[in-house]
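File shown here: final.pdb, holding PDB, C-alpha atoms.
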ATOM      1  CA  MET A   1     -13.170  20.902 -19.313
ATOM      2  CA  ASN A   2     -12.090  20.097 -22.811
ATOM      3  CA  PRO A   3     -14.572  19.246 -25.594
ATOM      4  CA  LYS A   4     -14.067  15.497 -25.085
ATOM      5  CA  GLY A   5     -15.411  15.763 -21.535
ATOM      6  CA  GLY A   6     -12.120  15.111 -19.739
ATOM      7  CA  ALA A   7     -10.087  17.356 -17.502
ATOM      8  CA  GLY A   8      -8.159  20.120 -19.192
ATOM      9  CA  ARG A   9      -4.435  20.778 -18.961
ATOM     10  CA  GLU A  10      -4.991  23.366 -16.232
ATOM     11  CA  ASP A  11      -6.900  20.845 -14.113
ATOM     12  CA  LEU A  12      -4.107  18.307 -14.479
ATOM     13  CA  LEU A  13      -1.423  20.830 -13.581
ATOM     14  CA  ALA A  14      -3.410  21.927 -10.510
ATOM     15  CA  LEU A  15      -3.776  18.293  -9.423
ATOM     16  CA  LEU A  16      -0.052  17.612  -9.858
ATOM     17  CA  GLN A  17       0.771  20.748  -7.886
ATOM     18  CA  GLU A  18      -1.447  19.581  -5.005
ATOM     19  CA  LEU A  19      -0.134  16.003  -5.061
ATOM     20  CA  THR A  20       3.493  17.081  -4.906
ATOM     21  CA  LEU A  21       3.135  19.371  -1.890
ATOM     22  CA  PRO A  22       5.288  18.343   1.101
ATOM     23  CA  THR A  23       2.114  17.738   3.153
ATOM     24  CA  TRP A  24       1.245  14.775   0.886
ATOM     25  CA  GLN A  25       4.640  13.232   1.508
ATOM     26  CA  PRO A  26       4.880  11.974   5.088
ATOM     27  CA  SER A  27       8.552  11.021   4.854
ATOM     28  CA  ARG A  28      11.321  13.572   4.686
ATOM     29  CA  TYR A  29      10.574  15.772   1.684
ATOM     30  CA  GLU A  30      14.220  16.097   0.630
ATOM     31  CA  VAL A  31      14.450  12.359  -0.134
ATOM     32  CA  ARG A  32      11.236  12.164  -2.191
ATOM     33  CA  LEU A  33      10.846  13.247  -5.780
ATOM     34  CA  PRO A  34       8.025  15.761  -6.281
ATOM     35  CA  VAL A  35       6.543  13.944  -9.275
ATOM     36  CA  ALA A  36       3.439  11.904 -10.066
ATOM     37  CA  TYR A  37       3.813   8.874 -12.352
ATOM     38  CA  ARG A  38       0.878   8.213 -14.667
ATOM     39  CA  GLY A  39       1.721   4.543 -15.205
ATOM     40  CA  LEU A  40       2.649   4.650 -18.878
ATOM     41  CA  GLY A  41       5.947   5.446 -20.484
ATOM     42  CA  SER A  42       4.618   7.719 -23.205
ATOM     43  CA  LEU A  43       2.317  10.740 -23.219
ATOM     44  CA  HIS A  44       0.814   9.385 -26.440
ATOM     45  CA  HIS A  45      -0.785   6.359 -24.745
ATOM     46  CA  SER A  46      -4.377   6.866 -23.667
ATOM     47  CA  LEU A  47      -5.283   6.507 -20.009
ATOM     48  CA  ASP A  48      -7.247   3.275 -20.337
ATOM     49  CA  THR A  49      -7.218   0.468 -17.814
ATOM     50  CA  GLY A  50      -5.330  -2.725 -18.621
ATOM     51  CA  LEU A  51      -8.598  -4.618 -18.739
ATOM     52  CA  PHE A  52     -10.102  -2.160 -21.218
ATOM     53  CA  ARG A  53      -6.984  -2.285 -23.404
ATOM     54  CA  LEU A  54      -7.262  -6.084 -23.418
ATOM     55  CA  ARG A  55     -11.005  -6.513 -24.013
ATOM     56  CA  GLY A  56     -12.475  -3.126 -24.911
ATOM     57  CA  SER A  57     -16.166  -2.744 -24.163
ATOM     58  CA  SER A  58     -16.493  -6.421 -23.171
ATOM     59  CA  SER A  59     -14.068  -5.954 -20.277
ATOM     60  CA  ALA A  60     -16.882  -6.149 -17.698
ATOM     61  CA  ASP A  61     -17.655  -9.675 -18.902
ATOM     62  CA  ILE A  62     -14.146 -11.015 -18.275
ATOM     63  CA  GLU A  63     -13.336  -9.392 -14.923
ATOM     64  CA  PRO A  64     -15.388 -11.816 -12.767
ATOM     65  CA  HIS A  65     -13.515 -14.744 -14.343
ATOM     66  CA  ILE A  66     -10.123 -13.151 -13.664
ATOM     67  CA  LEU A  67     -11.027 -12.480 -10.022
ATOM     68  CA  ARG A  68     -12.513 -15.946  -9.547
ATOM     69  CA  ASN A  69      -9.345 -17.609 -10.831
ATOM     70  CA  LEU A  70      -7.148 -15.308  -8.770
ATOM     71  CA  ARG A  71      -9.076 -16.208  -5.611
ATOM     72  CA  LYS A  72      -8.908 -19.890  -6.526
ATOM     73  CA  TYR A  73      -5.160 -20.086  -7.172
ATOM     74  CA  ALA A  74      -3.746 -17.339  -4.938
ATOM     75  CA  HIS A  75      -2.188 -18.015  -1.566
ATOM     76  CA  ARG A  76      -4.901 -17.922   1.081
ATOM     77  CA  ASP A  77      -3.296 -14.861   2.715
ATOM     78  CA  ALA A  78      -2.788 -12.971  -0.561
ATOM     79  CA  SER A  79      -5.576 -10.472   0.119
ATOM     80  CA  PRO A  80      -6.125  -8.614   3.405
ATOM     81  CA  GLY A  81      -9.881  -9.140   3.033
ATOM     82  CA  ASP A  82     -12.370 -10.809   0.733
ATOM     83  CA  SER A  83     -13.772  -7.718  -0.977
ATOM     84  CA  ASP A  84     -13.480  -7.315  -4.734
ATOM     85  CA  TRP A  85     -11.477  -4.106  -4.193
ATOM     86  CA  ASN A  86      -8.846  -5.956  -2.156
ATOM     87  CA  TRP A  87      -8.592  -8.654  -4.807
ATOM     88  CA  LEU A  88      -8.417  -6.043  -7.575
ATOM     89  CA  SER A  89      -5.440  -4.416  -5.850
ATOM     90  CA  VAL A  90      -3.720  -7.810  -5.530
ATOM     91  CA  ALA A  91      -4.431  -8.535  -9.204
ATOM     92  CA  GLN A  92      -3.081  -5.126 -10.244
ATOM     93  CA  HIS A  93       0.038  -5.652  -8.139
ATOM     94  CA  HIS A  94       0.741  -8.965  -9.864
ATOM     95  CA  GLY A  95       0.227  -7.557 -13.382
ATOM     96  CA  LEU A  96      -3.217  -8.916 -14.176
ATOM     97  CA  PRO A  97      -5.456  -6.683 -16.294
ATOM     98  CA  THR A  98      -7.910  -4.853 -14.009
ATOM     99  CA  ARG A  99     -10.289  -1.906 -14.102
ATOM    100  CA  LEU A 100      -7.910  -0.002 -11.825
ATOM    101  CA  LEU A 101      -6.027   2.801 -13.495
TER     102      LEU A 101
END

What would the structure in this file look like if it were written as structure tokens?
Amino acid sequence: MNPKGGAGREDLLALLQELTLPTWQPSRYEVRLPVAYRGLGSLHHSLDTGLFRLRGSSSADIEPHILRNLRKYAHRDASPGDSDWNWLSVAQHHGLPTRLL
């Protein structure tokens, strides 16, 4: 662990090594790239959620409103279930700020 409490470089490299093993890739290994994408185009960006980048510490206050409006205006079959996690994945897919990283 590093002094800031996060995972160290060695932990990250070990995770990437595990995630890029052929056993994690059910399709033919030769057609898949052995990489993991962190979701941001620069190493200098912090790994914060879109919701946190938008609202900071008040992000928990705004999330219920985002999900309520998504449920209200989305196609009735947009989510495979009515759990918050399903709706969060739909919101993330459509580019809404969520707590998902």

**Study point:** Neighbour list for region 53-58 of chain A as a PyMOL selection string, cut-off 12 Å, only C-alpha atoms, skip fewer than 6 positions in-chain
**Key:** chain A and resi 45-47+64+96-101

I'd like the box whose edges run along x, y and z of the file and which contains every listed atom of region 88-91 of chain A, padded by 5 Å per side; could you state its centre and edge lengths in Å, one decimal, as lines of an AutoDock Vina configuration file?
center_x = -6.1
center_y = -6.5
center_z = -7.4
size_x = 14.7
size_y = 14.1
size_z = 13.7

Point to revise | Selection result for the PyMOL selection byres ((chain A and resi 70) around 12) on this file, as a list of chain:residue names | key: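 Applying the expression gives A:Glu63, A:Pro64, A:His65, A:Ile66, A:Leu67, A:Arg68, A:Asn69, A:Arg71, A:Lys72, A:Tyr73, A:Ala74, A:His75, A:Arg76, A:Ala78, A:Ser79, A:Asp82, A:Asp84, A:Asn86, A:Trp87, A:Leu88, A:Ser89, A:Val90, A:Ala91, A:Gln92, A:His94, A:Gly95, A:Leu96, A:Pro97, A:Thr98.
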
Practice item. Kindly give the distance, in Å, that separates CA of His93 (chain A) and CA of Asp77 (chain A), rounded to a single decimal. Key: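 Atom-to-atom, CA of His93 (chain A) to CA of Asp77 (chain A), that is 14.6 Å.
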
Exercise for review: Calculate how many Å separate CA of His44 (chain A) from CA of Asp11 (chain A), rounding to one decimal.
Suggested key: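 About the pair CA of His44 (chain A) and CA of Asp11 (chain A): they are 18.5 Å apart.
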